[in-house]
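final_14.cif follows (mmCIF, C-alpha atoms):
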```cif
data_start
#
loop_
_atom_site.label_atom_id
_atom_site.label_comp_id
_atom_site.auth_asym_id
_atom_site.auth_seq_id
_atom_site.Cartn_x
_atom_site.Cartn_y
_atom_site.Cartn_z
CA MET A 1 4.12 15.16 23.19
CA LEU A 2 7.43 14.27 24.85
CA SER A 3 10.65 15.00 23.00
CA GLU A 4 13.31 12.30 22.66
CA VAL A 5 15.32 14.01 25.42
CA ASP A 6 12.30 14.04 27.75
CA VAL A 7 11.61 10.38 27.00
CA ALA A 8 15.23 9.48 27.72
CA ALA A 9 15.15 11.39 31.01
CA ARG A 10 11.89 9.73 32.05
CA ALA A 11 13.30 6.30 31.22
CA ALA A 12 16.48 6.98 33.21
CA LYS A 13 14.44 8.15 36.20
CA ARG A 14 12.20 5.11 35.98
CA ILE A 15 15.19 2.76 35.99
CA ALA A 16 17.02 4.56 38.80
CA HIS A 17 13.97 4.56 41.09
CA ASP A 18 12.64 1.09 40.46
CA ASN A 19 9.31 0.31 42.13
CA ASN A 20 10.62 -3.05 43.27
CA GLY A 21 13.50 -1.48 45.17
CA ARG A 22 16.27 -2.86 42.99
CA ASP A 23 19.54 -1.01 42.79
CA ALA A 24 20.29 1.03 39.68
CA PRO A 25 21.51 -0.95 36.64
CA ALA A 26 25.24 -1.38 36.24
CA VAL A 27 25.51 0.21 32.80
CA ALA A 28 23.98 3.20 31.05
CA LEU A 29 22.15 2.59 27.75
CA PRO A 30 20.40 4.69 25.13
CA TYR A 31 16.67 5.00 25.70
CA HIS A 32 14.63 2.16 24.22
CA GLY A 33 13.87 2.42 20.51
CA ALA A 34 16.78 4.87 20.17
CA ALA A 35 17.41 6.59 16.84
CA ASP A 36 21.03 7.54 17.57
CA LEU A 37 23.24 4.48 17.92
CA PRO A 38 27.05 4.23 17.97
CA HIS A 39 27.47 3.62 14.22
CA VAL A 40 24.13 4.41 12.59
CA HIS A 41 21.15 6.69 12.83
CA VAL A 42 17.87 4.78 12.60
CA ASP A 43 15.88 6.93 10.17
CA SER A 44 12.66 4.92 10.38
CA TYR A 45 11.16 1.59 11.30
CA ASN A 46 7.75 -0.06 11.52
CA LEU A 47 6.39 2.13 8.71
CA GLU A 48 2.72 1.24 8.28
CA LEU A 49 2.07 2.11 4.63
CA ARG A 50 -1.38 1.35 3.27
CA ASP A 51 -3.24 1.08 0.00
CA ALA A 52 -6.87 0.30 -0.76
CA GLU A 53 -6.38 -3.33 0.31
CA GLY A 54 -4.67 -2.61 3.65
CA PHE A 55 -1.06 -2.63 4.81
CA ILE A 56 1.23 -3.01 1.81
CA GLY A 57 3.71 -5.06 3.82
CA ASP A 58 1.12 -7.82 4.09
CA LYS A 59 1.68 -8.53 0.38
CA ALA A 60 5.32 -9.50 0.96
CA SER A 61 5.11 -11.40 4.24
CA GLY A 62 5.65 -15.07 4.90
CA ARG A 63 1.90 -15.50 5.14
CA ALA A 64 1.48 -13.84 1.75
CA PHE A 65 3.88 -16.30 0.13
CA ARG A 66 1.98 -19.24 1.59
CA LYS A 67 -1.32 -17.83 0.35
CA LEU A 68 0.06 -17.32 -3.16
CA LEU A 69 1.46 -20.83 -3.22
CA GLU A 70 -1.83 -22.40 -2.24
CA GLU A 71 -3.79 -20.32 -4.77
CA ILE A 72 -1.45 -21.34 -7.60
CA ARG A 73 -1.61 -24.99 -6.53
CA LYS A 74 -5.43 -24.92 -6.72
CA ASP A 75 -5.38 -23.16 -10.10
CA ALA A 76 -2.94 -25.74 -11.49
CA LYS A 77 -5.02 -28.72 -10.40
CA GLY A 78 -5.88 -30.81 -13.41
CA THR A 79 -3.62 -28.89 -15.80
CA THR A 80 -0.55 -31.07 -15.24
CA GLU A 81 0.16 -34.66 -14.28
CA THR A 82 0.89 -33.37 -10.78
CA ASP A 83 -1.87 -33.46 -8.20
CA MET A 84 0.05 -31.59 -5.54
CA ALA A 85 -1.36 -31.87 -2.03
CA SER A 86 -2.14 -28.87 0.15
CA THR A 87 0.96 -26.83 0.91
CA HIS A 88 -0.26 -25.44 4.25
CA ASP A 89 1.79 -27.85 6.35
CA MET A 90 4.84 -28.08 4.09
CA SER A 91 8.09 -26.89 5.60
CA LYS A 92 10.44 -24.56 3.74
CA SER A 93 12.90 -27.44 3.32
CA GLU A 94 10.19 -29.55 1.67
CA LEU A 95 9.39 -26.73 -0.74
CA ASP A 96 13.10 -26.31 -1.46
CA ALA A 97 13.33 -30.02 -2.30
CA ILE A 98 10.44 -29.69 -4.78
CA LEU A 99 12.39 -27.04 -6.71
CA THR A 100 15.26 -29.44 -7.35
CA GLY A 101 13.20 -32.65 -7.57
CA ASP A 102 11.91 -34.68 -10.49
CA ASP A 103 8.27 -33.57 -10.28
CA LEU A 104 8.36 -30.72 -12.78
CA GLY A 105 4.68 -29.90 -12.33
CA ALA A 106 5.14 -29.34 -8.59
CA ALA A 107 8.32 -27.38 -9.26
CA ALA A 108 6.41 -25.14 -11.66
CA ILE A 109 3.83 -24.40 -8.97
CA VAL A 110 6.49 -23.41 -6.45
CA GLN A 111 8.38 -21.39 -9.05
CA GLY A 112 5.18 -19.57 -10.00
CA ALA A 113 4.63 -18.58 -6.38
CA ILE A 114 8.24 -17.37 -6.13
CA GLU A 115 7.80 -15.19 -9.22
CA GLU A 116 4.58 -13.57 -8.00
CA PHE A 117 6.02 -13.05 -4.53
CA ALA A 118 9.18 -11.47 -5.97
CA GLN A 119 7.03 -9.04 -7.94
CA ASN A 120 5.16 -8.13 -4.75
CA LEU A 121 8.43 -7.72 -2.84
CA ALA A 122 9.79 -5.42 -5.54
CA ALA A 123 6.58 -3.38 -5.62
CA VAL A 124 6.50 -3.02 -1.81
CA SER A 125 10.18 -2.00 -1.85
CA GLN A 126 9.41 0.71 -4.41
CA ARG A 127 6.70 2.09 -2.12
CA PHE A 128 9.15 2.28 0.74
CA LEU A 129 11.78 3.90 -1.48
CA ARG A 130 9.34 6.72 -2.22
CA GLN A 131 9.18 7.63 1.49
CA GLN A 132 11.31 10.51 2.75
CA SER A 133 12.95 8.29 5.37
CA TRP A 134 14.07 5.89 2.60
CA LYS A 135 15.27 8.63 0.21
CA ASP A 136 18.65 7.82 -1.36
CA VAL A 137 18.77 4.31 0.13
CA GLN A 138 21.50 2.50 -1.80
CA ARG A 139 21.06 -1.03 -0.52
CA ILE A 140 18.30 -3.16 1.00
CA VAL A 141 19.18 -6.27 3.00
CA VAL A 142 16.40 -8.84 3.33
CA GLY A 143 16.14 -11.20 6.27
CA GLY A 144 13.43 -13.01 8.18
CA GLY A 145 12.44 -16.65 8.18
CA LEU A 146 11.80 -16.94 4.43
CA ARG A 147 15.34 -15.78 3.65
CA ARG A 148 16.85 -18.93 5.17
CA SER A 149 15.40 -21.08 2.38
CA ARG A 150 16.21 -21.56 -1.29
CA ILE A 151 12.75 -20.31 -2.24
CA GLY A 152 13.35 -17.15 -0.23
CA GLU A 153 16.79 -16.47 -1.66
CA ILE A 154 15.51 -16.91 -5.23
CA ALA A 155 12.61 -14.53 -4.52
CA ILE A 156 15.00 -11.91 -3.09
CA LEU A 157 17.40 -12.12 -6.03
CA ARG A 158 14.52 -11.99 -8.51
CA ALA A 159 13.11 -8.90 -6.76
CA ALA A 160 16.58 -7.33 -6.98
CA THR A 161 16.51 -7.83 -10.75
CA LEU A 162 13.04 -6.30 -10.99
CA LEU A 163 14.22 -3.21 -9.09
CA ARG A 164 17.09 -2.81 -11.54
CA GLN A 165 14.73 -3.22 -14.47
CA ALA A 166 12.67 -0.38 -12.98
CA ASP A 167 15.80 1.82 -13.26
CA LEU A 168 16.21 2.06 -9.51
CA ASN A 169 19.81 2.40 -8.44
CA VAL A 170 19.48 0.20 -5.39
CA ASP A 171 20.97 -3.19 -4.50
CA MET A 172 18.98 -5.91 -2.75
CA TRP A 173 20.92 -8.52 -0.82
CA PRO A 174 19.93 -11.52 1.27
CA LEU A 175 20.93 -11.05 4.91
CA GLY A 176 24.51 -12.20 5.45
CA HIS A 177 23.93 -14.04 8.74
CA HIS A 178 21.48 -16.84 9.35
CA PRO A 179 18.24 -15.06 10.36
CA ASP A 180 18.06 -17.07 13.59
CA GLU A 181 21.34 -15.46 14.64
CA ALA A 182 21.04 -12.03 13.03
CA GLY A 183 18.30 -10.90 15.43
CA LEU A 184 20.71 -11.62 18.28
CA LEU A 185 23.97 -10.37 16.73
CA GLY A 186 22.46 -6.98 15.89
CA GLY A 187 21.92 -6.36 19.59
CA LEU A 188 25.57 -5.32 19.86
CA GLN A 189 24.75 -2.07 18.06
CA LEU A 190 22.27 -1.12 20.78
CA LEU A 191 25.09 -0.95 23.32
CA ALA A 192 27.51 1.89 23.89
CA PRO A 193 31.12 0.72 23.27
CA GLU A 194 32.05 0.97 26.94
CA VAL A 195 29.34 -1.53 27.90
CA MET A 196 31.38 -4.46 26.56
CA ARG A 197 34.65 -3.34 28.12
CA GLY A 198 36.00 -6.17 30.26
CA HIS A 199 33.28 -8.61 29.13
CA ASP A 200 33.22 -11.54 26.71
CA GLY A 201 29.59 -11.29 25.62
CA PHE A 202 25.99 -10.52 26.46
CA VAL A 203 22.54 -12.13 26.40
CA ALA A 204 20.36 -11.29 23.39
CA ILE A 205 16.69 -12.06 22.72
CA ASP A 206 14.68 -12.05 19.47
CA ILE A 207 10.91 -12.15 20.03
CA GLY A 208 8.81 -12.94 16.97
CA GLY A 209 5.20 -13.73 16.19
CA THR A 210 5.99 -17.43 15.69
CA ASN A 211 9.39 -18.05 17.26
CA LEU A 212 11.41 -16.91 20.24
CA ARG A 213 15.21 -17.03 20.18
CA CYS A 214 17.63 -16.36 23.01
CA GLY A 215 21.42 -16.61 22.90
CA ILE A 216 24.81 -15.58 24.16
CA VAL A 217 26.64 -13.25 21.76
CA THR A 218 30.42 -13.19 22.12
CA ILE A 219 32.80 -10.72 20.50
CA ARG A 220 36.54 -10.05 20.30
CA ARG A 221 37.92 -7.16 22.28
CA LYS A 222 37.92 -3.78 20.49
CA ASP A 223 35.51 -5.02 17.79
CA ARG A 224 32.66 -2.49 17.70
CA LEU A 225 31.19 -3.14 14.23
CA GLY A 226 30.45 -6.77 14.99
CA ASP A 227 32.45 -8.55 12.29
CA SER A 228 33.84 -10.96 14.92
CA ALA A 229 30.55 -11.42 16.79
CA LYS A 230 29.13 -14.91 16.99
CA VAL A 231 26.35 -16.70 18.80
CA GLU A 232 27.96 -18.93 21.40
CA ARG A 233 24.72 -20.67 22.32
CA LEU A 234 21.28 -20.38 20.69
CA LEU A 235 18.02 -21.51 22.24
CA HIS A 236 14.98 -21.61 19.94
CA TRP A 237 11.32 -22.11 20.81
CA ARG A 238 8.37 -22.10 18.39
CA HIS A 239 5.84 -20.67 20.83
CA ARG A 240 2.97 -20.32 18.35
CA ASP A 241 2.53 -24.10 18.23
CA GLU A 242 1.68 -24.19 21.94
CA ARG A 243 -0.86 -21.33 21.85
CA LEU A 244 0.19 -19.94 25.22
CA GLY A 245 -0.61 -16.54 26.66
CA ARG A 246 1.78 -13.65 27.18
CA GLU A 247 2.79 -14.45 30.76
CA ALA A 248 3.43 -18.13 30.01
CA VAL A 249 5.63 -17.16 27.06
CA LEU A 250 7.56 -14.71 29.23
CA ASP A 251 7.98 -17.33 31.97
CA HIS A 252 9.42 -19.74 29.41
CA LEU A 253 11.74 -16.98 28.20
CA GLY A 254 12.87 -16.43 31.79
CA GLY A 255 13.89 -20.09 31.95
CA MET A 256 15.84 -19.74 28.69
CA MET A 257 17.70 -16.69 30.03
CA ARG A 258 18.61 -18.49 33.25
CA GLU A 259 19.86 -21.49 31.28
CA LEU A 260 22.12 -19.22 29.23
CA THR A 261 23.58 -17.36 32.21
CA ALA A 262 24.28 -20.69 33.94
CA ARG A 263 26.04 -21.93 30.82
CA ALA A 264 28.14 -18.75 30.66
CA GLU A 265 29.14 -19.16 34.30
CA LYS A 266 30.12 -22.78 33.70
CA LYS A 267 32.25 -21.79 30.68
CA LYS A 268 33.71 -18.81 32.60
CA LEU A 269 32.35 -16.33 30.06
CA ARG A 270 32.11 -12.84 31.52
CA LEU A 271 28.70 -11.57 30.51
CA ALA A 272 27.94 -7.85 30.52
CA PRO A 273 24.99 -7.08 32.84
CA VAL A 274 22.75 -6.24 29.92
CA ILE A 275 20.10 -7.90 27.75
CA ALA A 276 19.62 -6.74 24.14
CA VAL A 277 16.08 -7.39 22.91
CA GLY A 278 14.41 -7.21 19.51
CA CYS A 279 10.60 -7.21 19.49
CA PRO A 280 7.90 -6.34 16.93
CA GLY A 281 6.28 -2.94 17.11
CA LEU A 282 6.91 0.73 17.76
CA ILE A 283 8.99 1.01 20.93
CA ALA A 284 8.51 3.83 23.44
CA GLY A 285 11.50 5.34 25.22
CA ASP A 286 10.61 3.84 28.59
CA GLY A 287 10.16 0.29 27.31
CA TRP A 288 6.51 -0.19 26.41
CA ILE A 289 5.26 -1.13 22.96
CA LYS A 290 3.00 1.52 21.45
CA ARG A 291 1.62 -0.58 18.59
CA GLY A 292 2.57 -3.23 16.03
CA ALA A 293 2.78 -6.25 18.36
CA GLN A 294 -0.49 -7.79 17.18
CA ASN A 295 1.21 -11.02 16.05
CA LEU A 296 2.50 -11.76 19.56
CA PRO A 297 0.47 -13.98 21.95
CA GLY A 298 -1.80 -11.89 24.15
CA ASN A 299 -1.63 -8.12 24.61
CA TRP A 300 1.90 -6.68 24.59
CA GLU A 301 0.84 -3.12 23.76
CA GLY A 302 -0.06 -0.21 26.00
CA GLU A 303 1.34 1.44 29.10
CA ASP A 304 -0.07 -1.19 31.45
CA PHE A 305 2.57 -3.68 30.21
CA ASN A 306 6.29 -2.93 30.15
CA LEU A 307 8.47 -5.57 28.51
CA THR A 308 11.69 -4.36 30.15
CA ASP A 309 10.08 -4.63 33.60
CA ALA A 310 8.86 -8.13 32.76
CA LEU A 311 12.40 -9.19 31.85
CA HIS A 312 13.82 -7.62 35.03
CA GLU A 313 11.37 -9.66 37.08
CA ARG A 314 12.46 -12.92 35.44
CA LEU A 315 16.22 -12.28 35.42
CA PRO A 316 17.09 -9.48 37.86
CA ARG A 317 20.87 -10.06 37.87
CA ILE A 318 23.74 -11.36 35.77
CA ALA A 319 26.87 -12.48 37.64
CA GLY A 320 25.50 -10.76 40.74
CA ARG A 321 24.99 -7.41 39.04
CA SER A 322 21.68 -5.67 38.37
CA ILE A 323 20.88 -5.79 34.67
CA SER A 324 19.99 -3.18 32.09
CA VAL A 325 17.73 -3.91 29.11
CA ALA A 326 18.20 -2.40 25.63
CA LEU A 327 14.98 -2.80 23.63
CA HIS A 328 14.36 -2.05 19.96
CA ASN A 329 12.22 -3.16 17.06
CA ASP A 330 13.13 -6.64 15.79
CA ALA A 331 13.57 -5.58 12.14
CA VAL A 332 15.89 -2.78 13.29
CA VAL A 333 17.99 -5.22 15.33
CA GLN A 334 18.16 -7.85 12.58
CA GLY A 335 19.29 -5.19 10.12
CA LEU A 336 21.94 -3.96 12.58
CA SER A 337 23.74 -7.30 12.23
CA GLU A 338 24.80 -5.98 8.80
CA VAL A 339 26.52 -2.78 10.02
CA PHE A 340 30.02 -4.02 9.23
CA ARG A 341 28.97 -4.97 5.65
CA MET A 342 27.33 -1.60 5.00
CA ARG A 343 30.31 0.71 5.50
CA ASP A 344 30.67 1.30 1.73
CA VAL A 345 27.27 3.03 1.48
CA LYS A 346 25.79 5.98 3.32
CA ARG A 347 22.10 5.02 3.44
CA TRP A 348 20.68 1.52 3.57
CA ALA A 349 17.59 -0.36 4.73
CA ALA A 350 16.35 -3.73 5.93
CA LEU A 351 13.23 -5.80 5.27
CA THR A 352 12.42 -8.93 7.28
CA ILE A 353 10.05 -11.48 5.79
CA GLY A 354 8.50 -13.28 8.75
CA THR A 355 4.97 -13.60 10.08
CA GLY A 356 4.67 -10.02 8.85
CA LEU A 357 7.05 -7.77 6.92
CA GLY A 358 9.39 -5.73 9.11
CA ASN A 359 11.15 -2.62 7.82
CA ALA A 360 13.89 -0.23 8.90
CA SER A 361 16.16 2.38 7.30
CA TYR A 362 19.54 3.68 8.44
CA THR A 363 22.23 6.29 7.79
CA ASN A 364 25.84 5.49 8.67
CA VAL A 365 27.18 8.18 10.98
CA LYS A 366 30.87 7.42 11.12
CA LYS A 367 33.54 5.16 9.75
CA ALA A 368 35.14 2.45 11.81
CA GLU A 369 38.38 3.55 13.42
#
```
This structure in structure tokens:
Amino acid sequence: MLSEVDVAARAAKRIAHDNNGRDAPAVALPYHGAADLPHVHVDSYNLELRDAEGFIGDKASGRAFRKLLEEIRKDAKGTTETDMASTHDMSKSELDAILTGDDLGAAAIVQGAIEEFAQNLAAVSQRFLRQQSWKDVQRIVVGGGLRRSRIGEIAILRAATLLRQADLNVDMWPLGHHPDEAGLLGGLQLLAPEVMRGHDGFVAIDIGGTNLRCGIVTIRRKDRLGDSAKVERLLHWRHRDERLGREAVLDHLGGMMRELTARAEKKKLRLAPVIAVGCPGLIAGDGWIKRGAQNLPGNWEGEDFNLTDALHERLPRIAGRSISVALHNDAVVQGLSEVFRMRDVKRWAALTIGTGLGNASYTNVKKAE
């Protein structure tokens, strides 16, 4: 089995001697899926814990919440004046409106689902906290699509209370940034500080099982923790609705990247020749996905497909310079958007409630200068 040093060397060699004859990338980056980053050590991610029923994370995913909600709705039928319709096609905003609306029976159904989901989230968190890589975690930040709703925030805060009632000395916070932006903003932490020198921003991509987001992240000079980072332009595409294959999704992504670089050129933003990418799964050092990408359209796993190569093919240059790609797990990257808020603790973790449940844990390695 290759060591991390061997993997890094193989990745560097692969990039320098590209099969398509491109020149070497303009900037040096850590190997993909790197554990050692400028401000944190990534202790673990994509943990696949199981019990008798399967992966425990499946009990606290977005799909799990929807399943609970529909089960409670069916159980409540005929017990109240409410005859609530199927919740399958209800948006999160519609469910949020039910919580504050006049239909108390419907509100009780939604609240019941929130309570059961919060209990599951707390129980799953306790399982993670028993792992060696989560030992002494002091704070858990929770992101993902469900977090950007009132129902999600209530569930997170309720789970935080349950953890305290279990005498666990751990905080649980909703993600500070909007989840649509956090998966892009965290990409800054994948880059060595010198990468941004002389540049205004970079292109970041967040690939999920339902949605694909691509944006320009800008940052003030000398800011390395990311407290000044913002998304200058965000493009969002719900690819699952169109049921396309892998190559069609990547082609669409290529168009999004080209649109962003054209916008940056028009606004005279100096983009670094680098793309920071968050993607589900366990990431190998040379840019292929070992496993965990089952929610993506088509087959993204295995050595016969390399995501970094696919991105190079669709956007070979930025401002005339050959690009580098920094790839990591999407839960890791979303959590990394919180680095500047986590400087008061040593060990912390992230959970992302999306199509599945992403997980990552970190140790801060140095204070900001």
**Study point:** Atomic distance atom CA of Trp348 of chain A - atom CA of Ser361 of chain A, expressed in Å with one decimal
**Key:**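 Atom-to-atom, atom CA of Trp348 of chain A to atom CA of Ser361 of chain A, that is 5.9 Å.
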Exercise for review: Return as a list in words the set of residues that the PyMOL selection byres ((chain A and resi 337-343) around 7) yields on the displayed structure.
Suggested key: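 Listing what the PyMOL selection byres ((chain A and resi 337-343) around 7) selects in the shown file: Ala182, Leu185, Gly186, Leu225, Gly226, Asp227, Val333, Gln334, Gly335, Leu336, Asp344, Val345 and Lys367 of chain A.
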Go through segment 270-350 of chain A and flag each residue having an atom no more than 7 Å from segment 200-219 of chain A; for those, report the closest pair of atoms plus their distance in Å to one decimal, using all atoms listed in the file, ordered by chain and rising number, as CSV.
```
residue,atom,partner,partner_atom,distance
A:Arg270,CA,A:Asp200,CA,5.1
A:Leu271,CA,A:Gly201,CA,5.0
A:Ala272,CA,A:Phe202,CA,5.2
A:Val274,CA,A:Phe202,CA,6.4
A:Ile275,CA,A:Val203,CA,5.1
A:Ala276,CA,A:Ala204,CA,4.7
A:Val277,CA,A:Ile205,CA,4.7
A:Gly278,CA,A:Asp206,CA,4.8
A:Cys279,CA,A:Ile207,CA,5.0
A:Pro280,CA,A:Gly208,CA,6.7
A:Asn295,CA,A:Gly209,CA,4.8
A:Leu296,CA,A:Gly209,CA,4.7
A:Asp330,CA,A:Asp206,CA,6.7
```
Target residues per the PyMOL selection byres ((chain A and resi 145) around 12), formatted as a CSV table (one decimal) with C-alpha atoms, in the frame of the given file:
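Just written: result.csv:
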```
chain,number,residue,atom,x,y,z
A,61,SER,CA,5.1,-11.4,4.2
A,62,GLY,CA,5.6,-15.1,4.9
A,63,ARG,CA,1.9,-15.5,5.1
A,65,PHE,CA,3.9,-16.3,0.1
A,91,SER,CA,8.1,-26.9,5.6
A,92,LYS,CA,10.4,-24.6,3.7
A,93,SER,CA,12.9,-27.4,3.3
A,142,VAL,CA,16.4,-8.8,3.3
A,143,GLY,CA,16.1,-11.2,6.3
A,144,GLY,CA,13.4,-13.0,8.2
A,146,LEU,CA,11.8,-16.9,4.4
A,147,ARG,CA,15.3,-15.8,3.6
A,148,ARG,CA,16.8,-18.9,5.2
A,149,SER,CA,15.4,-21.1,2.4
A,150,ARG,CA,16.2,-21.6,-1.3
A,151,ILE,CA,12.8,-20.3,-2.2
A,152,GLY,CA,13.4,-17.2,-0.2
A,153,GLU,CA,16.8,-16.5,-1.7
A,174,PRO,CA,19.9,-11.5,1.3
A,175,LEU,CA,20.9,-11.0,4.9
A,177,HIS,CA,23.9,-14.0,8.7
A,178,HIS,CA,21.5,-16.8,9.4
A,179,PRO,CA,18.2,-15.1,10.4
A,180,ASP,CA,18.1,-17.1,13.6
A,181,GLU,CA,21.3,-15.5,14.6
A,182,ALA,CA,21.0,-12.0,13.0
A,183,GLY,CA,18.3,-10.9,15.4
A,208,GLY,CA,8.8,-12.9,17.0
A,209,GLY,CA,5.2,-13.7,16.2
A,210,THR,CA,6.0,-17.4,15.7
A,211,ASN,CA,9.4,-18.0,17.3
A,331,ALA,CA,13.6,-5.6,12.1
A,334,GLN,CA,18.2,-7.8,12.6
A,351,LEU,CA,13.2,-5.8,5.3
A,352,THR,CA,12.4,-8.9,7.3
A,353,ILE,CA,10.0,-11.5,5.8
A,354,GLY,CA,8.5,-13.3,8.8
A,355,THR,CA,5.0,-13.6,10.1
A,356,GLY,CA,4.7,-10.0,8.8
A,357,LEU,CA,7.0,-7.8,6.9
A,358,GLY,CA,9.4,-5.7,9.1
```
Exercise for review: Output the residue selection produced by the PyMOL selection byres ((chain A and resi 365) around 12) on the file above, formatted as a ChimeraX atom specification.
Suggested key: /A:35-43,339,342-343,345-348,362-364,366-368
Check your understanding: Nearest to Arg220 of chain A: which of A:Val325, A:Arg197, A:Leu184, A:Glu70 is it, counting all atoms listed in the file?
Key -> A:Arg197
**Study point:** Spatial neighbours of Arg158 of chain A, max dist 9 Å, only C-alpha atoms, sep filter under 5 positions, as a list of chain:residue names
**Key:** A:Ile114, A:Glu115, A:Ala118, A:Gln119, A:Ala122, A:Glu153, A:Leu163
Review point. In terms of the shortest atom-to-atom distance over all atoms listed in the file, which of A:Ala52, A:Leu253, A:Pro193, A:Gly198 is closest to Trp237 of chain A?
Key: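 Closest to Trp237 of chain A, using all atoms listed in the file: A:Leu253.
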Point to revise | For atom CA of Gly285 of chain A and atom CA of Trp300 of chain A, the interatomic separation in Å (one decimal) | key: 15.4 Å
Exercise for review: Excluding segment 98-109 of chain A and residues on its chain fewer than 6 positions from it, collect all residues at most 12 Å away from it, counting all atoms listed in the file, and give them as an MDAnalysis selection string.
Suggested key: chainID A and resid 66 68:87 90:92 115:116 149:152 154
Check your understanding: Which value, in Å to one decimal, gives the distance between atom CA of Leu282 of chain A and atom CA of Glu301 of chain A?
Key ->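 Between these atoms lies a distance of 9.4 Å.
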As an mmCIF file, in the coordinates of the input, please: segment 195-200 of chain A completed to all heavy atoms.
```
data_model
loop_
_atom_site.group_PDB
_atom_site.id
_atom_site.type_symbol
_atom_site.label_atom_id
_atom_site.label_comp_id
_atom_site.auth_asym_id
_atom_site.auth_seq_id
_atom_site.Cartn_x
_atom_site.Cartn_y
_atom_site.Cartn_z
ATOM 1 N N VAL A 195 30.108 -0.489 27.221
ATOM 2 C CA VAL A 195 29.340 -1.530 27.900
ATOM 3 C C VAL A 195 30.064 -2.872 27.846
ATOM 4 O O VAL A 195 30.023 -3.658 28.802
ATOM 5 C CB VAL A 195 27.935 -1.642 27.273
ATOM 6 C CG1 VAL A 195 27.201 -2.875 27.797
ATOM 7 C CG2 VAL A 195 27.116 -0.387 27.564
ATOM 8 N N MET A 196 30.718 -3.165 26.725
ATOM 9 C CA MET A 196 31.380 -4.460 26.560
ATOM 10 C C MET A 196 32.793 -4.493 27.128
ATOM 11 O O MET A 196 33.425 -5.545 27.125
ATOM 12 C CB MET A 196 31.404 -4.831 25.072
ATOM 13 C CG MET A 196 30.053 -5.140 24.473
ATOM 14 S SD MET A 196 29.164 -6.423 25.375
ATOM 15 C CE MET A 196 30.291 -7.790 25.185
ATOM 16 N N ARG A 197 33.282 -3.378 27.608
ATOM 17 C CA ARG A 197 34.650 -3.340 28.120
ATOM 18 C C ARG A 197 34.794 -4.298 29.309
ATOM 19 O O ARG A 197 34.051 -4.228 30.274
ATOM 20 C CB ARG A 197 35.011 -1.917 28.544
ATOM 21 C CG ARG A 197 36.494 -1.701 28.830
ATOM 22 C CD ARG A 197 36.782 -0.225 29.036
ATOM 23 N NE ARG A 197 36.514 0.535 27.808
ATOM 24 C CZ ARG A 197 35.900 1.708 27.790
ATOM 25 N NH1 ARG A 197 35.477 2.256 28.910
ATOM 26 N NH2 ARG A 197 35.704 2.343 26.644
ATOM 27 N N GLY A 198 35.760 -5.206 29.190
ATOM 28 C CA GLY A 198 36.000 -6.170 30.260
ATOM 29 C C GLY A 198 35.062 -7.360 30.253
ATOM 30 O O GLY A 198 35.090 -8.169 31.183
ATOM 31 N N HIS A 199 34.229 -7.499 29.201
ATOM 32 C CA HIS A 199 33.280 -8.610 29.130
ATOM 33 C C HIS A 199 33.485 -9.400 27.832
ATOM 34 O O HIS A 199 33.973 -8.863 26.827
ATOM 35 C CB HIS A 199 31.844 -8.092 29.203
ATOM 36 C CG HIS A 199 31.525 -7.396 30.487
ATOM 37 N ND1 HIS A 199 31.515 -6.024 30.600
ATOM 38 C CD2 HIS A 199 31.227 -7.890 31.715
ATOM 39 C CE1 HIS A 199 31.207 -5.691 31.846
ATOM 40 N NE2 HIS A 199 31.035 -6.802 32.543
ATOM 41 N N ASP A 200 33.075 -10.663 27.869
ATOM 42 C CA ASP A 200 33.220 -11.540 26.710
ATOM 43 C C ASP A 200 31.970 -11.570 25.834
ATOM 44 O O ASP A 200 32.036 -11.963 24.668
ATOM 45 C CB ASP A 200 33.513 -12.981 27.162
ATOM 46 C CG ASP A 200 34.773 -13.071 27.993
ATOM 47 O OD1 ASP A 200 35.795 -12.501 27.577
ATOM 48 O OD2 ASP A 200 34.722 -13.723 29.061
#
```
